[in-house]
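Trainee: Can you keep this structure in mind? I'll have questions shortly.
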Amino acid sequence: MKKKKTISKSPGWGTKSVWAGENGDSWWGAAQVPVVHSVAFGYADVDHWERAALGKSPGHIYSRNTNPTVGAFEEKVRQLEGAEAATSFSTGMAAISNTLFTLLSPGDRLVSIKDSYGGTNKLFLEFLPRFAIEVDLCDTTDHIFLERSIARGCRVLYLETPTNPTLKVVDIGRLSKAAHAVGAIVVVDNTFATPLNQNPLALGVDLVLHSATKFLGGHADALGGVLCGRADLVKQIYHHREITGAALDPMAAYLLLRGMKTLHLRIQQQSASALEIASFLERHPKVEAVFYPGLKSHSGHAIARKQMRGFGGVLSFMLKGGFPAVKKVLPRLQLAHRAANLGAVETIAGPPATTSHVECTPAERAAMGIPEGLIRYSVGIEDTMDLIDDLKDALKYLPHRG
Ligand SMILES: Cc1ncc(COP(=O)(O)O)c(C=O)c1O
């Protein structure tokens, strides 16, 4: 677990993406953070060993607890999110489940939204109730309803914004205020926005987490999760993770660190491209609806403008003709992996039934308001016009409808 060091001045996003966390340990002059695969760290002096084990002096003991390469990754995210402390996990789901199982006890109540990521939704509906935790999933865009539910009292308010896959937006500042009024802890999944586009901690939340597998790593070659925020809470959740064991692998930490050096360039390009592509699709006669918070037509556009610097690299759209139309269009795309992932340098497209909500039944997806005719489109760093031409060509295979 990494704790705050004083930053004398505030560097820009590019500088932080490249340099943050890179010079925390002694790397024998290596210009890149080395991958320290060692499981354990030896000490000739027992007093020194004991001090390190008790956290009274710097040093690592065992890589399920802490590891130098993993620590460098945690430090980079901590600085980008402007957090007091950060800790990491083997996957995004490990970050989410360790956070929830640390903060919640039998008899507690959690308030969240209907549109959270499919795996998170499974935790809410299948796992937490088994531990006698009450879960209230509210209509994502109904802030008055959410505030009423929060006012009934809760231990945790859990938010995700923009949501996966319908890109709904919730007002982080407004709901955090309501949650803090009843003494709740506020957690935000910031995977879609990334720290470049949105900093939930600055908007008042207590904890922010990411599936680092997505935009942070950016190259679809490493799984990881990360959590940062209030040091007292991060310490408790770190303790849960060190005992339950979902530690980030040093090799994955290295790949994530390397990917994050270009985070600012990727996110700028992907956000700009996504806005152009969403605007193109919105005008296309074979497209029923487009969901992207950067569009003026998006119901959460005003909130997004207030709390985001850019609108992110993911959009989704509904084709006229439903799921049969999706099955026609997807195979025609030349510049997209058809895969259950997002946030990579390559464009990735797929329907919720095989991606974000693969764990859910069609009935569960319908209850969450996720149309079967939806395509989630994660924009890569290819040239924007090439992606638009690719979509244009694929859409030609659909019949004209009145
Ligand atoms: C918003 C969001 N949160 C969490 C996760 C889970 O992340 P992981 O696959 O790294 O466990 C995902 C995965 O798609 C996601 O989209």
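Identifiers in this document derive from the order of the structure tokens: chains are assigned A, B, ..., residues are numbered from 1 separately in each chain, and ligands are numbered from 1 in order of occurrence.
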For the helix (DSSP H, G or I) assignment from backbone DSSP, which residues of range 113-198 of chain A qualify? Please present them as JSON, numbers by chain.
Mentor: {"A": [118, 119, 120, 121, 122, 123, 124, 125, 126, 127, 128, 129, 130, 131, 143, 144, 145, 146, 147, 148, 149, 150, 151, 172, 173, 174, 175, 176, 177, 178, 179, 180, 181, 194, 195, 196, 197]}
Trainee: Given a cut-off of 8 Å, what residues near ligand 1 show up using only C-alpha atoms and all ligand atoms, put as a ChimeraX atom specification?
Mentor: /A:90-96,116-120,160,163-164,189-192,210-214,223-225,340-342,355-356
Trainee: Store the residues picked out above, limited to N, CA and C atoms, as a compact mmCIF listing (two decimals), in the first residue's frame.
Mentor:
# COMPACT_ATOMS: atom_id res chain seq x y z
N SER A 90 -5.67 -7.96 -8.15
CA SER A 90 -5.41 -8.78 -9.33
C SER A 90 -6.31 -8.41 -10.51
N THR A 91 -7.52 -7.91 -10.24
CA THR A 91 -8.47 -7.51 -11.29
C THR A 91 -9.33 -6.35 -10.78
N GLY A 92 -10.11 -5.78 -11.68
CA GLY A 92 -11.07 -4.75 -11.25
C GLY A 92 -12.11 -5.34 -10.32
N MET A 93 -12.59 -6.56 -10.63
CA MET A 93 -13.60 -7.18 -9.78
C MET A 93 -13.06 -7.46 -8.38
N ALA A 94 -11.77 -7.78 -8.29
CA ALA A 94 -11.16 -7.99 -6.96
C ALA A 94 -11.15 -6.67 -6.19
N ALA A 95 -10.91 -5.55 -6.88
CA ALA A 95 -10.94 -4.23 -6.22
C ALA A 95 -12.35 -3.96 -5.69
N ILE A 96 -13.34 -4.26 -6.51
CA ILE A 96 -14.73 -3.97 -6.12
C ILE A 96 -15.17 -4.89 -4.98
N SER A 116 -24.95 -0.54 -13.04
CA SER A 116 -23.53 -0.80 -12.84
C SER A 116 -23.06 -1.95 -13.73
N TYR A 117 -21.76 -2.09 -13.86
CA TYR A 117 -21.15 -3.16 -14.66
C TYR A 117 -21.72 -4.53 -14.24
N GLY A 118 -21.87 -5.45 -15.19
CA GLY A 118 -22.53 -6.73 -14.94
C GLY A 118 -21.98 -7.52 -13.76
N GLY A 119 -20.67 -7.57 -13.62
CA GLY A 119 -20.06 -8.31 -12.50
C GLY A 119 -20.40 -7.66 -11.17
N THR A 120 -20.39 -6.34 -11.13
CA THR A 120 -20.74 -5.60 -9.92
C THR A 120 -22.20 -5.87 -9.57
N GLU A 160 -21.19 4.35 -10.34
CA GLU A 160 -20.33 4.14 -11.52
C GLU A 160 -20.81 5.18 -12.52
N THR A 163 -21.82 4.95 -17.06
CA THR A 163 -22.08 3.53 -16.81
C THR A 163 -21.79 2.67 -18.04
N ASN A 164 -21.65 1.39 -17.77
CA ASN A 164 -21.34 0.39 -18.77
C ASN A 164 -22.59 -0.46 -18.98
N ASP A 189 -16.73 3.91 -9.20
CA ASP A 189 -15.97 3.18 -10.22
C ASP A 189 -15.69 4.18 -11.35
N ASN A 190 -14.42 4.54 -11.52
CA ASN A 190 -14.03 5.59 -12.48
C ASN A 190 -13.40 4.99 -13.75
N THR A 191 -13.67 3.70 -13.99
CA THR A 191 -13.02 3.00 -15.11
C THR A 191 -13.26 3.68 -16.45
N PHE A 192 -14.52 4.06 -16.73
CA PHE A 192 -14.83 4.61 -18.05
C PHE A 192 -14.23 6.00 -18.25
N HIS A 210 -10.77 1.45 -10.06
CA HIS A 210 -10.69 1.24 -11.51
C HIS A 210 -10.48 -0.23 -11.82
N SER A 211 -11.05 -0.67 -12.94
CA SER A 211 -10.52 -1.85 -13.59
C SER A 211 -9.33 -1.33 -14.40
N ALA A 212 -8.11 -1.57 -13.90
CA ALA A 212 -6.90 -1.09 -14.60
C ALA A 212 -6.69 -1.84 -15.89
N THR A 213 -7.38 -2.98 -16.02
CA THR A 213 -7.38 -3.80 -17.23
C THR A 213 -7.76 -2.97 -18.46
N LYS A 214 -8.56 -1.91 -18.24
CA LYS A 214 -9.15 -1.16 -19.35
C LYS A 214 -8.23 0.00 -19.77
N LEU A 223 -4.34 -7.85 -16.66
CA LEU A 223 -5.48 -7.65 -15.76
C LEU A 223 -5.00 -6.91 -14.52
N GLY A 224 -5.86 -6.06 -13.97
CA GLY A 224 -5.49 -5.40 -12.71
C GLY A 224 -6.62 -4.54 -12.20
N GLY A 225 -6.55 -4.23 -10.90
CA GLY A 225 -7.52 -3.33 -10.28
C GLY A 225 -6.79 -2.41 -9.34
N ALA A 340 -14.82 -9.10 -25.52
CA ALA A 340 -15.40 -8.61 -24.26
C ALA A 340 -14.36 -7.78 -23.52
N ASN A 341 -14.03 -6.63 -24.08
CA ASN A 341 -13.06 -5.76 -23.41
C ASN A 341 -13.30 -4.33 -23.89
N LEU A 342 -12.62 -3.39 -23.29
CA LEU A 342 -12.70 -2.00 -23.72
C LEU A 342 -11.45 -1.27 -23.24
N THR A 355 -20.57 -9.21 -23.70
CA THR A 355 -19.48 -8.38 -23.15
C THR A 355 -19.78 -8.00 -21.70
N SER A 356 -20.22 -6.75 -21.49
CA SER A 356 -20.36 -6.23 -20.12
C SER A 356 -21.35 -7.02 -19.28
Trainee: Find the distance between CA of Glu359 in chain A and CA of Val169 in chain A and write it in Å to one decimal.
Mentor: 22.8 Å
Trainee: What residues in range 9-198 of chain A get the DSSP label strand (DSSP E or B)? Please answer as JSON, numbers by chain.
Mentor: {"A": [40, 62, 85, 86, 87, 88, 89, 109, 110, 111, 112, 113, 134, 135, 136, 137, 138, 156, 157, 158, 159, 160, 185, 186, 187, 188, 189]}
Trainee: Write out as a PyMOL selection string each polymer residue whose atoms come within 12 Å of Val358 in chain A, counting only C-alpha atoms; drop sequence neighbours fewer than 5 positions from it.
Mentor: chain A and resi 117-119+121-122+165+339-341+350-353+364-365+370+372
Trainee: What's the separation between CA of Lys235 in chain A and CA of Phe41 in chain A, in Å to one decimal place?
Mentor: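 Atom-to-atom, CA of Lys235 in chain A and CA of Phe41 in chain A are spaced 21.5 Å apart.
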